[in-house]
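**Student:** I'd like to ask you about the structure that follows.
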Amino acid sequence: MSKLEQFQRFIRSNGKNLTGVDVPVVLSNEQTKLPQLKFTFGWTIEVGVSQHEHGSYCPNGIKSGSASNARDYAHDKAKEYASGQNSLFNDRFLNILGPDISDNFLIRNRDLQSAPETYVGSKTCYNCSGSGSQSCSNCHGSGKNSCSSCHGSGRVSVSRFDSYNNRTVYTTESCSTCWGSGKKTCYTCNGSGSLTCNTCNGGGYLYYSYTIDGDAKRSTKWAYNSNDYHEWTSEFVKNNGLDLVYHLIEITEVDVEGTLGGCTFIYAFTAKLPTLQFTATVDKVDTTMCFAGKKETTHNAGGVYDPAVWLVAQKMTGNDQETDKEVLATPAIKDIVEAHTTKTQIALLTENWVSKEISDAVISNYQHLVTKLKKQSVKGIAPNMFLSFIKYTYFFFTLGMLIALLFPSFAAETSHRMSVTQVPEWIMALLMMKFGLFELPAYVNYVFFFGLLWLSYKSVKKWYWKSIGKAKVWLLAISITLLLPHIAFSFYYNTLELLRHSPAIANTLVSGSLLVGIYLLIWGMKKPKRWYGKLFGLLAGLGIYCAIQYGLYAINPTYGFVVDHAHYVQEVTKLLTSALDFMKHNIFEWGLLSISFTYFLTRRRFWLKAKTMVADYDSPVLLKSMNMDK
């Protein structure tokens, strides 16, 4: 089998594996060349001066007097090395890096270590100005401290009992600690008033050394020269030249002058680059296909797999899930989409097996699919959120009314408790440290605040059901930080308060049944599946609801739910009115609960449903594109 037939078989079988369809490629006009490519790489020797501080220790080296003199001597010597007057670092380069280049094709930066000279100089100690000592901080240089027993007066008060006159006599006497002087010898400096300087250890000087270091830096510039190559070889070598280093032969050092200006050393490499060029006919369209180097490394293939890839990709419409799944599972489509989404490169595109035009068309079809799925994922969300809002509003309204009916005295005191509208004022007082939480110091407020903010941020990132932007994470974290203390404290203190009140069960049974009974109508309509069943369910629910209300009215004289039976309706209305006052004072809390439950629970239900739908495509990259990979 000829080389041409081998490549034709490879292209067809590889295309079949990538696209799932046959790739009818016919190769002809084979051209084989083996050009000698010559490369040149350069190195620059860089020399620098490093300063080292030694404190009071004087290191070995060339003594140069002052530190500034030592620094100047080191810089002058470094210029000698850099100019070539002294070839120390150049010789090291040839000895150390030269063999690596010749034997291993090693092209990298290399440390050339330090020159043997070390220049040493000193500076006057900045702490003691060269004296070697410093004033004692304990006695401020006086050598004496005030006596603690007599506070510097020299005398102390004493008392004694005069038994003869039966009285206590107070007088003063000389201090026995300082013997009446009022001063004591300083224990830190033993009375000298000065201490050895701890910066220079009493020497009065600080020492510095200067070393000369060399590095071999490889130039980023390189060049090649060849007179036997295809017209596309130049671009190929520009893109892949550095990768060819490990296939080079005949490494020699060349003259530095006139080549890669600025480099101290230049090495030349010679490489043989195997190349093949064909004419590829795909669907009666001719394109040039070129191969270089080992195996099937291709360049300027002209999109050989374009027809086959597009034949598969154009089936991705977003209308048929099974077809879309099959397309997304095709290796070529999968790789192109993943490379686009993750911003990575794949040989299929970088080596031009598939052209940019087809790649862009595949991505366009994929984006069309993503857009369709996003629209489907939120289809019907607006009416559902509206109905959910009504549902949760009525639920929390009923819950609040039942609490007010069950604990009427608690409900009557609601205006004296802090509402959510006062939270900003409470937070400002907290941050301005006008009070301390849990009777702790006021500055601890900030520990609680920022700690809760950090916990909220981490919790949202970990447990929020989908990946969201950083701004939204911070918004939710700040909202939790501001509202959670109010919710927690309100729940805690209100629960304690409720336990102190006796429940009014009779009032709740009579008035609460008017509100809870509405759920009978809802269940009556919701349970049946057919429209006429819903109608009968509504009528049945209405009948049961009316029967319950009439039954409570009928047995009221016996059980005394409402004391004034003659004014039953007015009494029940009065109970409901008082409960409505409770709801009015807490309307922001109940409203916030309704909105929160509506927004988060409804959106989460839609999101989970959409994720299940997208997961059926068995495509991780599609989940990522839909922001569902969490």
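Chain labels run A, B, ... following the order of the structure tokens; each chain numbers its residues from 1, and ligands are numbered from 1 in the order shown.
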With only C-alpha atoms as the counted atoms, please give the residues lying no more than 8 Å from Val120 of chain A, apart from itself and same-chain residues fewer than 4 positions off, as a list in words.
**Tutor:**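 The residues satisfying every condition are Cys58, Pro59, Asn60, Gly61, Ile62, Lys63, Ser64, Gly65, Ala67, Ala70, Tyr207, Tyr208, Ser209 and Tyr210 of chain A.
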**Student:** Would you write out, as JSON lines, a table of all residues in segment 385-449 of chain A that have an atom no more than 12 Å from an atom of segment 576-589 of chain A, listing for each the closest atom pair and the distance in Å to one decimal, considering only C-alpha atoms and ordering rows by chain and rising residue number?
**Tutor:**
```
{"residue": "A:Thr393", "atom": "CA", "partner": "A:Ile587", "partner_atom": "CA", "distance": 10.7}
{"residue": "A:Phe396", "atom": "CA", "partner": "A:Glu589", "partner_atom": "CA", "distance": 9.8}
{"residue": "A:Phe397", "atom": "CA", "partner": "A:Met583", "partner_atom": "CA", "distance": 7.6}
{"residue": "A:Thr398", "atom": "CA", "partner": "A:Met583", "partner_atom": "CA", "distance": 9.9}
{"residue": "A:Leu399", "atom": "CA", "partner": "A:Met583", "partner_atom": "CA", "distance": 10.1}
{"residue": "A:Gly400", "atom": "CA", "partner": "A:Met583", "partner_atom": "CA", "distance": 6.5}
{"residue": "A:Met401", "atom": "CA", "partner": "A:Ala579", "partner_atom": "CA", "distance": 5.5}
{"residue": "A:Leu402", "atom": "CA", "partner": "A:Ala579", "partner_atom": "CA", "distance": 8.1}
{"residue": "A:Ile403", "atom": "CA", "partner": "A:Ala579", "partner_atom": "CA", "distance": 8.4}
{"residue": "A:Ala404", "atom": "CA", "partner": "A:Ala579", "partner_atom": "CA", "distance": 5.0}
{"residue": "A:Leu405", "atom": "CA", "partner": "A:Ala579", "partner_atom": "CA", "distance": 6.1}
{"residue": "A:Leu406", "atom": "CA", "partner": "A:Ala579", "partner_atom": "CA", "distance": 9.5}
{"residue": "A:Phe407", "atom": "CA", "partner": "A:Ala579", "partner_atom": "CA", "distance": 9.6}
{"residue": "A:Pro408", "atom": "CA", "partner": "A:Ala579", "partner_atom": "CA", "distance": 7.5}
{"residue": "A:Ser409", "atom": "CA", "partner": "A:Ser578", "partner_atom": "CA", "distance": 10.2}
{"residue": "A:Phe410", "atom": "CA", "partner": "A:Phe582", "partner_atom": "CA", "distance": 9.2}
{"residue": "A:Ala411", "atom": "CA", "partner": "A:Phe582", "partner_atom": "CA", "distance": 5.5}
{"residue": "A:Ala412", "atom": "CA", "partner": "A:Phe582", "partner_atom": "CA", "distance": 6.9}
{"residue": "A:Glu413", "atom": "CA", "partner": "A:Phe582", "partner_atom": "CA", "distance": 8.7}
{"residue": "A:Thr414", "atom": "CA", "partner": "A:Phe582", "partner_atom": "CA", "distance": 6.5}
{"residue": "A:Ser415", "atom": "CA", "partner": "A:His585", "partner_atom": "CA", "distance": 6.4}
{"residue": "A:His416", "atom": "CA", "partner": "A:His585", "partner_atom": "CA", "distance": 9.9}
{"residue": "A:Arg417", "atom": "CA", "partner": "A:His585", "partner_atom": "CA", "distance": 9.6}
{"residue": "A:Met418", "atom": "CA", "partner": "A:Asn586", "partner_atom": "CA", "distance": 9.7}
{"residue": "A:Ser419", "atom": "CA", "partner": "A:Asn586", "partner_atom": "CA", "distance": 6.8}
{"residue": "A:Val420", "atom": "CA", "partner": "A:Glu589", "partner_atom": "CA", "distance": 6.3}
{"residue": "A:Thr421", "atom": "CA", "partner": "A:Phe588", "partner_atom": "CA", "distance": 7.5}
{"residue": "A:Gln422", "atom": "CA", "partner": "A:Phe588", "partner_atom": "CA", "distance": 10.8}
{"residue": "A:Val423", "atom": "CA", "partner": "A:Glu589", "partner_atom": "CA", "distance": 11.3}
```
**Student:** Using DSSP on the backbone coordinates, identify all residues within segment 19-222 of chain A classified as helix (DSSP H, G or I); present the result as a PDB file with C-alpha atoms, in the first residue's frame.
**Tutor:**
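Everything below was put into part.pdb:
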```pdb
ATOM      1  CA  THR A  19     -18.539  12.279  12.432  1.00  0.00           C
ATOM      2  CA  ALA A  67      29.845  50.118  51.996  1.00  0.00           C
ATOM      3  CA  SER A  68      29.497  52.632  49.157  1.00  0.00           C
ATOM      4  CA  ASN A  69      33.095  51.918  48.059  1.00  0.00           C
ATOM      5  CA  ALA A  70      32.451  48.159  48.139  1.00  0.00           C
ATOM      6  CA  ARG A  71      29.310  48.634  46.026  1.00  0.00           C
ATOM      7  CA  ASP A  72      31.200  50.774  43.452  1.00  0.00           C
ATOM      8  CA  TYR A  73      34.037  48.231  43.199  1.00  0.00           C
ATOM      9  CA  ALA A  74      31.519  45.428  42.610  1.00  0.00           C
ATOM     10  CA  HIS A  75      29.717  47.389  39.882  1.00  0.00           C
ATOM     11  CA  ASP A  76      33.032  48.191  38.117  1.00  0.00           C
ATOM     12  CA  LYS A  77      33.990  44.509  38.175  1.00  0.00           C
ATOM     13  CA  ALA A  78      30.546  43.491  36.873  1.00  0.00           C
ATOM     14  CA  LYS A  79      31.029  45.810  33.877  1.00  0.00           C
ATOM     15  CA  GLU A  80      34.309  44.005  33.106  1.00  0.00           C
ATOM     16  CA  TYR A  81      32.526  40.664  33.002  1.00  0.00           C
ATOM     17  CA  ALA A  82      29.663  42.038  30.892  1.00  0.00           C
ATOM     18  CA  SER A  83      32.017  43.722  28.375  1.00  0.00           C
ATOM     19  CA  LEU A  88      34.566  34.140  33.527  1.00  0.00           C
ATOM     20  CA  PHE A  89      30.807  33.893  32.846  1.00  0.00           C
ATOM     21  CA  ASN A  90      31.281  33.297  29.109  1.00  0.00           C
ATOM     22  CA  ASP A  91      33.589  30.364  29.914  1.00  0.00           C
ATOM     23  CA  ARG A  92      31.081  29.010  32.399  1.00  0.00           C
ATOM     24  CA  PHE A  93      28.347  29.183  29.761  1.00  0.00           C
ATOM     25  CA  LEU A  94      30.428  27.164  27.307  1.00  0.00           C
ATOM     26  CA  ASN A  95      31.398  24.620  29.968  1.00  0.00           C
ATOM     27  CA  ILE A  96      27.973  24.238  31.583  1.00  0.00           C
ATOM     28  CA  LEU A  97      25.355  24.944  28.909  1.00  0.00           C
ATOM     29  CA  GLY A  98      27.338  24.160  25.774  1.00  0.00           C
ATOM     30  CA  PRO A  99      27.400  20.368  26.252  1.00  0.00           C
ATOM     31  CA  ASP A 100      23.699  20.351  27.187  1.00  0.00           C
ATOM     32  CA  ILE A 101      22.864  22.080  23.932  1.00  0.00           C
ATOM     33  CA  SER A 102      25.019  19.802  21.835  1.00  0.00           C
ATOM     34  CA  ASP A 103      23.971  16.550  23.512  1.00  0.00           C
ATOM     35  CA  ASN A 104      20.387  17.160  24.622  1.00  0.00           C
TER      36      ASN A 104
END
```
**Student:** Which of these, A:Gly512, A:Gly537, A:Gly436, A:Pro503, has the shortest distance to Val572 of chain A once you count only C-alpha atoms?
**Tutor:**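 Smallest distance to Val572 of chain A is found for A:Gly512.
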**Student:** Using only C-alpha atoms, find the one residue out of A:Cys125, A:Ile212, A:Leu608, A:Val563 that sits nearest to Ser50 of chain A.
**Tutor:**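 For Ser50 of chain A, the nearest of the given residues is A:Ile212.
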**Student:** Would you pick out the contacts of segment 304-309 of chain A at 12 Å or less, using only C-alpha atoms, so that residues sharing its chain but fewer than 6 positions from it are not included, and give the list as a compact mmCIF listing (two decimals) with N, CA and C atoms, in the first residue's frame?
**Tutor:**
```txt
# COMPACT_ATOMS: atom_id res chain seq x y z
N GLN A 8 -5.08 8.15 2.72
CA GLN A 8 -6.48 8.18 2.31
C GLN A 8 -7.31 7.31 3.24
N ILE A 11 -7.65 9.10 6.64
CA ILE A 11 -8.61 10.21 6.62
C ILE A 11 -10.04 9.69 6.64
N ARG A 12 -10.29 8.66 5.85
CA ARG A 12 -11.66 8.13 5.79
C ARG A 12 -12.08 7.48 7.11
N SER A 13 -11.21 6.64 7.68
CA SER A 13 -11.56 5.95 8.92
C SER A 13 -11.64 6.94 10.08
N ASN A 14 -10.74 7.91 10.10
CA ASN A 14 -10.76 8.91 11.17
C ASN A 14 -12.01 9.77 11.07
N GLY A 15 -12.38 10.14 9.85
CA GLY A 15 -13.60 10.92 9.65
C GLY A 15 -14.84 10.16 10.05
N LYS A 16 -14.86 8.87 9.80
CA LYS A 16 -16.00 8.03 10.19
C LYS A 16 -16.12 8.00 11.71
N ASN A 17 -14.97 7.88 12.39
CA ASN A 17 -14.98 7.86 13.86
C ASN A 17 -15.42 9.20 14.44
N LEU A 18 -15.01 10.29 13.79
CA LEU A 18 -15.32 11.62 14.30
C LEU A 18 -16.76 12.03 14.04
N THR A 19 -17.25 11.73 12.87
CA THR A 19 -18.54 12.28 12.43
C THR A 19 -19.66 11.26 12.35
N GLY A 20 -19.32 9.98 12.30
CA GLY A 20 -20.35 8.96 12.18
C GLY A 20 -20.82 8.73 10.75
N VAL A 21 -20.22 9.43 9.79
CA VAL A 21 -20.59 9.24 8.38
C VAL A 21 -19.30 9.05 7.57
N ASP A 22 -19.46 8.49 6.39
CA ASP A 22 -18.30 8.29 5.51
C ASP A 22 -17.79 9.63 4.99
N VAL A 23 -16.47 9.71 4.83
CA VAL A 23 -15.84 10.92 4.30
C VAL A 23 -15.25 10.56 2.93
N PRO A 24 -15.92 10.90 1.85
CA PRO A 24 -15.46 10.48 0.50
C PRO A 24 -14.31 11.34 -0.01
N VAL A 25 -13.12 11.14 0.57
CA VAL A 25 -11.95 11.91 0.17
C VAL A 25 -11.13 11.10 -0.83
N VAL A 26 -10.73 11.74 -1.93
CA VAL A 26 -9.85 11.12 -2.92
C VAL A 26 -8.58 11.96 -2.97
N LEU A 27 -7.41 11.29 -2.71
CA LEU A 27 -6.13 11.99 -2.70
C LEU A 27 -5.38 11.72 -4.00
N PHE A 278 -0.75 16.67 -0.82
CA PHE A 278 -1.70 16.01 -1.70
C PHE A 278 -2.72 17.01 -2.21
N THR A 279 -3.42 16.60 -3.24
CA THR A 279 -4.65 17.29 -3.63
C THR A 279 -5.80 16.42 -3.12
N ALA A 280 -6.63 16.98 -2.26
CA ALA A 280 -7.77 16.25 -1.69
C ALA A 280 -9.04 16.70 -2.38
N THR A 281 -9.75 15.75 -2.96
CA THR A 281 -11.02 16.05 -3.65
C THR A 281 -12.17 15.58 -2.76
N VAL A 282 -12.99 16.53 -2.29
CA VAL A 282 -14.14 16.22 -1.44
C VAL A 282 -15.37 16.83 -2.10
N ASP A 283 -16.32 15.97 -2.45
CA ASP A 283 -17.53 16.44 -3.14
C ASP A 283 -17.19 17.31 -4.34
N LYS A 284 -16.24 16.82 -5.15
CA LYS A 284 -15.82 17.47 -6.39
C LYS A 284 -15.15 18.83 -6.17
N VAL A 285 -14.75 19.10 -4.92
CA VAL A 285 -14.03 20.33 -4.60
C VAL A 285 -12.61 19.97 -4.21
N ASP A 286 -11.62 20.57 -4.88
CA ASP A 286 -10.22 20.28 -4.61
C ASP A 286 -9.68 21.21 -3.53
N THR A 287 -8.88 20.64 -2.62
CA THR A 287 -8.21 21.44 -1.60
C THR A 287 -6.83 20.85 -1.36
N THR A 288 -5.89 21.69 -0.92
CA THR A 288 -4.53 21.23 -0.68
C THR A 288 -4.39 20.71 0.74
N MET A 289 -3.80 19.55 0.87
CA MET A 289 -3.58 18.95 2.18
C MET A 289 -2.09 18.72 2.35
N CYS A 290 -1.55 19.16 3.49
CA CYS A 290 -0.12 19.05 3.73
C CYS A 290 0.13 18.35 5.06
N THR A 298 -0.81 17.69 10.64
CA THR A 298 -1.22 18.33 9.39
C THR A 298 -1.16 19.85 9.49
N LYS A 315 -28.21 18.82 11.75
CA LYS A 315 -29.38 18.12 12.30
C LYS A 315 -29.74 18.62 13.70
N MET A 316 -28.84 19.41 14.29
CA MET A 316 -29.07 19.91 15.65
C MET A 316 -29.96 21.15 15.57
N VAL A 327 -26.39 14.00 17.84
CA VAL A 327 -25.43 14.96 17.28
C VAL A 327 -24.41 15.37 18.33
N LEU A 328 -24.86 15.68 19.54
CA LEU A 328 -23.94 16.12 20.60
C LEU A 328 -22.99 15.01 21.02
N THR A 330 -21.60 12.97 18.89
CA THR A 330 -20.63 12.79 17.82
C THR A 330 -19.29 13.41 18.25
N PRO A 331 -18.18 12.66 18.18
CA PRO A 331 -16.89 13.17 18.69
C PRO A 331 -16.50 14.55 18.16
N ALA A 332 -16.61 14.78 16.87
CA ALA A 332 -16.18 16.06 16.30
C ALA A 332 -17.02 17.20 16.86
N ILE A 333 -18.35 17.02 16.87
CA ILE A 333 -19.25 18.07 17.38
C ILE A 333 -18.98 18.30 18.86
N LYS A 334 -18.85 17.22 19.60
CA LYS A 334 -18.60 17.31 21.04
C LYS A 334 -17.30 18.06 21.33
N ASP A 335 -16.23 17.74 20.59
CA ASP A 335 -14.94 18.41 20.81
C ASP A 335 -15.00 19.88 20.45
N ILE A 336 -15.66 20.22 19.36
CA ILE A 336 -15.76 21.62 18.93
C ILE A 336 -16.53 22.44 19.97
N LEU A 348 -8.26 19.09 16.08
CA LEU A 348 -9.24 19.11 14.99
C LEU A 348 -9.33 20.50 14.35
N LEU A 349 -9.19 21.55 15.18
CA LEU A 349 -9.28 22.92 14.69
C LEU A 349 -7.91 23.54 14.45
N GLU A 351 -5.15 22.15 13.70
CA GLU A 351 -4.50 21.57 12.53
C GLU A 351 -5.37 21.67 11.27
N ASN A 352 -6.51 22.36 11.42
CA ASN A 352 -7.35 22.71 10.27
C ASN A 352 -8.01 21.52 9.58
N TRP A 353 -8.24 20.42 10.31
CA TRP A 353 -9.04 19.34 9.74
C TRP A 353 -10.47 19.83 9.50
N VAL A 354 -10.94 20.67 10.41
CA VAL A 354 -12.25 21.32 10.23
C VAL A 354 -11.99 22.82 10.17
N SER A 355 -12.54 23.49 9.16
CA SER A 355 -12.27 24.92 8.95
C SER A 355 -13.00 25.77 9.98
N LYS A 356 -12.56 27.01 10.10
CA LYS A 356 -13.17 27.95 11.04
C LYS A 356 -14.62 28.23 10.67
N GLU A 357 -14.91 28.27 9.38
CA GLU A 357 -16.28 28.55 8.93
C GLU A 357 -17.25 27.47 9.44
N ILE A 358 -16.85 26.21 9.31
CA ILE A 358 -17.71 25.12 9.76
C ILE A 358 -17.77 25.10 11.29
N SER A 359 -16.64 25.36 11.93
CA SER A 359 -16.63 25.42 13.40
C SER A 359 -17.60 26.49 13.90
N ASP A 360 -17.56 27.68 13.27
CA ASP A 360 -18.48 28.75 13.66
C ASP A 360 -19.93 28.36 13.42
N ALA A 361 -20.18 27.64 12.32
CA ALA A 361 -21.54 27.21 12.01
C ALA A 361 -22.04 26.20 13.04
N VAL A 362 -21.13 25.30 13.47
CA VAL A 362 -21.50 24.32 14.51
C VAL A 362 -21.85 25.03 15.81
```
**Student:** Within 8 Å of Asn365 of chain A, counting only C-alpha atoms, which residues qualify if same-chain residues fewer than 6 places away don't, as number ranges by chain?
**Tutor:** A: 313-314, 316-317
**Student:** Could you turn the residues from that selection into a file that holds C-alpha atoms, as a CSV table (one decimal), in the first residue's frame?
**Tutor:**
```csv
chain,number,residue,atom,x,y,z
A,313,ALA,CA,-24.2,19.4,12.8
A,314,GLN,CA,-27.1,20.7,10.8
A,316,MET,CA,-29.1,19.9,15.7
A,317,THR,CA,-32.2,22.0,15.6
```
**Student:** Go ahead and compute the interatomic distance for atom CA of Gln570 of chain A and atom CA of Ala554 of chain A, in Å to one decimal.
**Tutor:** 15.9 Å
**Student:** Have a look at A:Tyr164, A:Thr233, A:Gly130, A:Thr196 and name the one nearest to Leu273 of chain A; count only C-alpha atoms.
**Tutor:**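 Looking only at the distances to Leu273 of chain A, the closest residue turns out to be A:Thr233.
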**Student:** Determine the nearest neighbour of Gly204 of chain A from the options A:Lys123, A:His340, A:Arg9, A:His486, counting only C-alpha atoms.
**Tutor:** A:Lys123
**Student:** Excluding Gly543 of chain A and its own-chain neighbours fewer than 4 positions away, which residues fall within 12 Å of it when counting only C-alpha atoms? Please give them as a list in words.
**Tutor:** Gly517, Ile518, Leu520, Leu521, Gly524, Phe536, Gly537, Leu538, Leu539, Ala547, Ile548, Gln549, Tyr550 and Gly551 of chain A
**Student:** Keeping all heavy atoms, export the residues of the selection given above as an mmCIF file, in the first residue's frame.
**Tutor:**
```
data_model
loop_
_atom_site.group_PDB
_atom_site.id
_atom_site.type_symbol
_atom_site.label_atom_id
_atom_site.label_comp_id
_atom_site.auth_asym_id
_atom_site.auth_seq_id
_atom_site.Cartn_x
_atom_site.Cartn_y
_atom_site.Cartn_z
ATOM 1 N N GLY A 517 -61.459 26.836 55.908
ATOM 2 C CA GLY A 517 -62.447 26.124 55.099
ATOM 3 C C GLY A 517 -62.346 26.427 53.615
ATOM 4 O O GLY A 517 -62.815 25.639 52.786
ATOM 5 N N ILE A 518 -61.744 27.556 53.234
ATOM 6 C CA ILE A 518 -61.589 27.893 51.815
ATOM 7 C C ILE A 518 -60.781 26.825 51.088
ATOM 8 O O ILE A 518 -60.959 26.591 49.883
ATOM 9 C CB ILE A 518 -60.901 29.275 51.665
ATOM 10 C CG1 ILE A 518 -61.763 30.371 52.316
ATOM 11 C CG2 ILE A 518 -60.615 29.620 50.226
ATOM 12 C CD1 ILE A 518 -63.108 30.554 51.656
ATOM 13 N N LEU A 520 -61.152 23.758 51.317
ATOM 14 C CA LEU A 520 -62.067 22.729 50.809
ATOM 15 C C LEU A 520 -62.480 23.030 49.376
ATOM 16 O O LEU A 520 -62.592 22.127 48.536
ATOM 17 C CB LEU A 520 -63.307 22.663 51.709
ATOM 18 C CG LEU A 520 -63.098 22.105 53.129
ATOM 19 C CD1 LEU A 520 -64.367 22.307 53.953
ATOM 20 C CD2 LEU A 520 -62.733 20.632 53.054
ATOM 21 N N LEU A 521 -62.733 24.315 49.088
ATOM 22 C CA LEU A 521 -63.098 24.698 47.720
ATOM 23 C C LEU A 521 -61.938 24.455 46.758
ATOM 24 O O LEU A 521 -62.126 23.989 45.628
ATOM 25 C CB LEU A 521 -63.505 26.176 47.690
ATOM 26 C CG LEU A 521 -64.578 26.628 48.692
ATOM 27 C CD1 LEU A 521 -64.895 28.105 48.499
ATOM 28 C CD2 LEU A 521 -65.846 25.796 48.528
ATOM 29 N N GLY A 524 -61.496 20.763 46.231
ATOM 30 C CA GLY A 524 -62.598 20.259 45.419
ATOM 31 C C GLY A 524 -62.390 20.514 43.943
ATOM 32 O O GLY A 524 -62.797 19.703 43.095
ATOM 33 N N PHE A 536 -68.159 19.795 39.853
ATOM 34 C CA PHE A 536 -68.814 19.076 40.943
ATOM 35 C C PHE A 536 -67.992 19.173 42.233
ATOM 36 O O PHE A 536 -68.538 19.269 43.335
ATOM 37 C CB PHE A 536 -69.049 17.610 40.564
ATOM 38 C CG PHE A 536 -70.199 17.417 39.621
ATOM 39 C CD1 PHE A 536 -70.001 16.858 38.358
ATOM 40 C CD2 PHE A 536 -71.488 17.789 39.987
ATOM 41 C CE1 PHE A 536 -71.057 16.682 37.486
ATOM 42 C CE2 PHE A 536 -72.549 17.618 39.113
ATOM 43 C CZ PHE A 536 -72.329 17.065 37.853
ATOM 44 N N GLY A 537 -66.673 19.129 42.111
ATOM 45 C CA GLY A 537 -65.811 19.241 43.283
ATOM 46 C C GLY A 537 -65.962 20.583 43.961
ATOM 47 O O GLY A 537 -65.969 20.676 45.199
ATOM 48 N N LEU A 538 -66.087 21.650 43.137
ATOM 49 C CA LEU A 538 -66.272 22.991 43.692
ATOM 50 C C LEU A 538 -67.592 23.077 44.453
ATOM 51 O O LEU A 538 -67.650 23.606 45.570
ATOM 52 C CB LEU A 538 -66.231 24.028 42.567
ATOM 53 C CG LEU A 538 -66.527 25.467 42.961
ATOM 54 C CD1 LEU A 538 -65.474 25.979 43.946
ATOM 55 C CD2 LEU A 538 -66.586 26.372 41.723
ATOM 56 N N LEU A 539 -68.665 22.526 43.851
ATOM 57 C CA LEU A 539 -69.976 22.560 44.505
ATOM 58 C C LEU A 539 -69.965 21.736 45.791
ATOM 59 O O LEU A 539 -70.543 22.145 46.818
ATOM 60 C CB LEU A 539 -71.044 22.031 43.539
ATOM 61 C CG LEU A 539 -71.304 22.899 42.295
ATOM 62 C CD1 LEU A 539 -72.272 22.211 41.347
ATOM 63 C CD2 LEU A 539 -71.847 24.266 42.719
ATOM 64 N N ALA A 547 -71.864 23.800 55.399
ATOM 65 C CA ALA A 547 -72.365 22.906 56.442
ATOM 66 C C ALA A 547 -71.552 23.070 57.720
ATOM 67 O O ALA A 547 -72.114 23.069 58.841
ATOM 68 C CB ALA A 547 -72.295 21.453 55.947
ATOM 69 N N ILE A 548 -70.241 23.226 57.586
ATOM 70 C CA ILE A 548 -69.383 23.407 58.779
ATOM 71 C C ILE A 548 -69.746 24.704 59.485
ATOM 72 O O ILE A 548 -69.881 24.750 60.721
ATOM 73 C CB ILE A 548 -67.894 23.391 58.371
ATOM 74 C CG1 ILE A 548 -67.484 21.987 57.921
ATOM 75 C CG2 ILE A 548 -67.005 23.856 59.524
ATOM 76 C CD1 ILE A 548 -66.089 21.909 57.347
ATOM 77 N N GLN A 549 -69.916 25.778 58.710
ATOM 78 C CA GLN A 549 -70.217 27.069 59.337
ATOM 79 C C GLN A 549 -71.597 27.036 60.030
ATOM 80 O O GLN A 549 -71.746 27.557 61.152
ATOM 81 C CB GLN A 549 -70.195 28.193 58.271
ATOM 82 C CG GLN A 549 -68.887 28.297 57.490
ATOM 83 C CD GLN A 549 -67.660 28.327 58.388
ATOM 84 O OE1 GLN A 549 -67.654 28.985 59.441
ATOM 85 N NE2 GLN A 549 -66.633 27.592 57.980
ATOM 86 N N TYR A 550 -72.563 26.423 59.365
ATOM 87 C CA TYR A 550 -73.895 26.339 59.970
ATOM 88 C C TYR A 550 -73.865 25.437 61.201
ATOM 89 O O TYR A 550 -74.521 25.713 62.210
ATOM 90 C CB TYR A 550 -74.928 25.813 58.963
ATOM 91 C CG TYR A 550 -76.321 25.726 59.539
ATOM 92 C CD1 TYR A 550 -77.100 26.878 59.711
ATOM 93 C CD2 TYR A 550 -76.838 24.494 59.948
ATOM 94 C CE1 TYR A 550 -78.358 26.793 60.282
ATOM 95 C CE2 TYR A 550 -78.114 24.398 60.510
ATOM 96 C CZ TYR A 550 -78.868 25.570 60.677
ATOM 97 O OH TYR A 550 -80.115 25.476 61.249
ATOM 98 N N GLY A 551 -73.082 24.344 61.106
ATOM 99 C CA GLY A 551 -72.984 23.416 62.250
ATOM 100 C C GLY A 551 -72.411 24.111 63.473
ATOM 101 O O GLY A 551 -72.884 23.914 64.600
#
```
**Student:** State, in Å with one decimal place, the distance from atom CA of Lys272 of chain A to atom CA of Thr32 of chain A.
**Tutor:** 12.7 Å
**Student:** Name all residues at most 6 Å from Gly182 of chain A (count only C-alpha atoms; drop same-chain ones fewer than 5 positions away) and give them as a list in words.
**Tutor:**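 The neighbour list is Cys147, Gly152, Ser153 and Gly154 of chain A.
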**Student:** Give me, please, the distance in Å between atom CA of Ser56 of chain A and atom CA of Gly193 of chain A, quoted to one decimal.
**Tutor:**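 Here the two named atoms are 22.8 Å from each other.
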**Student:** From the options A:Glu338, A:Lys343, A:Phe448, A:Thr270, which residue's atoms come nearest to Pro35 of chain A, counting only C-alpha atoms?
**Tutor:** A:Thr270
**Student:** Contacts of Leu601 of chain A at 12 Å or less, counting only C-alpha atoms, minus same-chain residues fewer than 4 places along, as a PyMOL selection string?
**Tutor:** chain A and resi 381+384-385+388-389+392+464-465+593-597+605-608
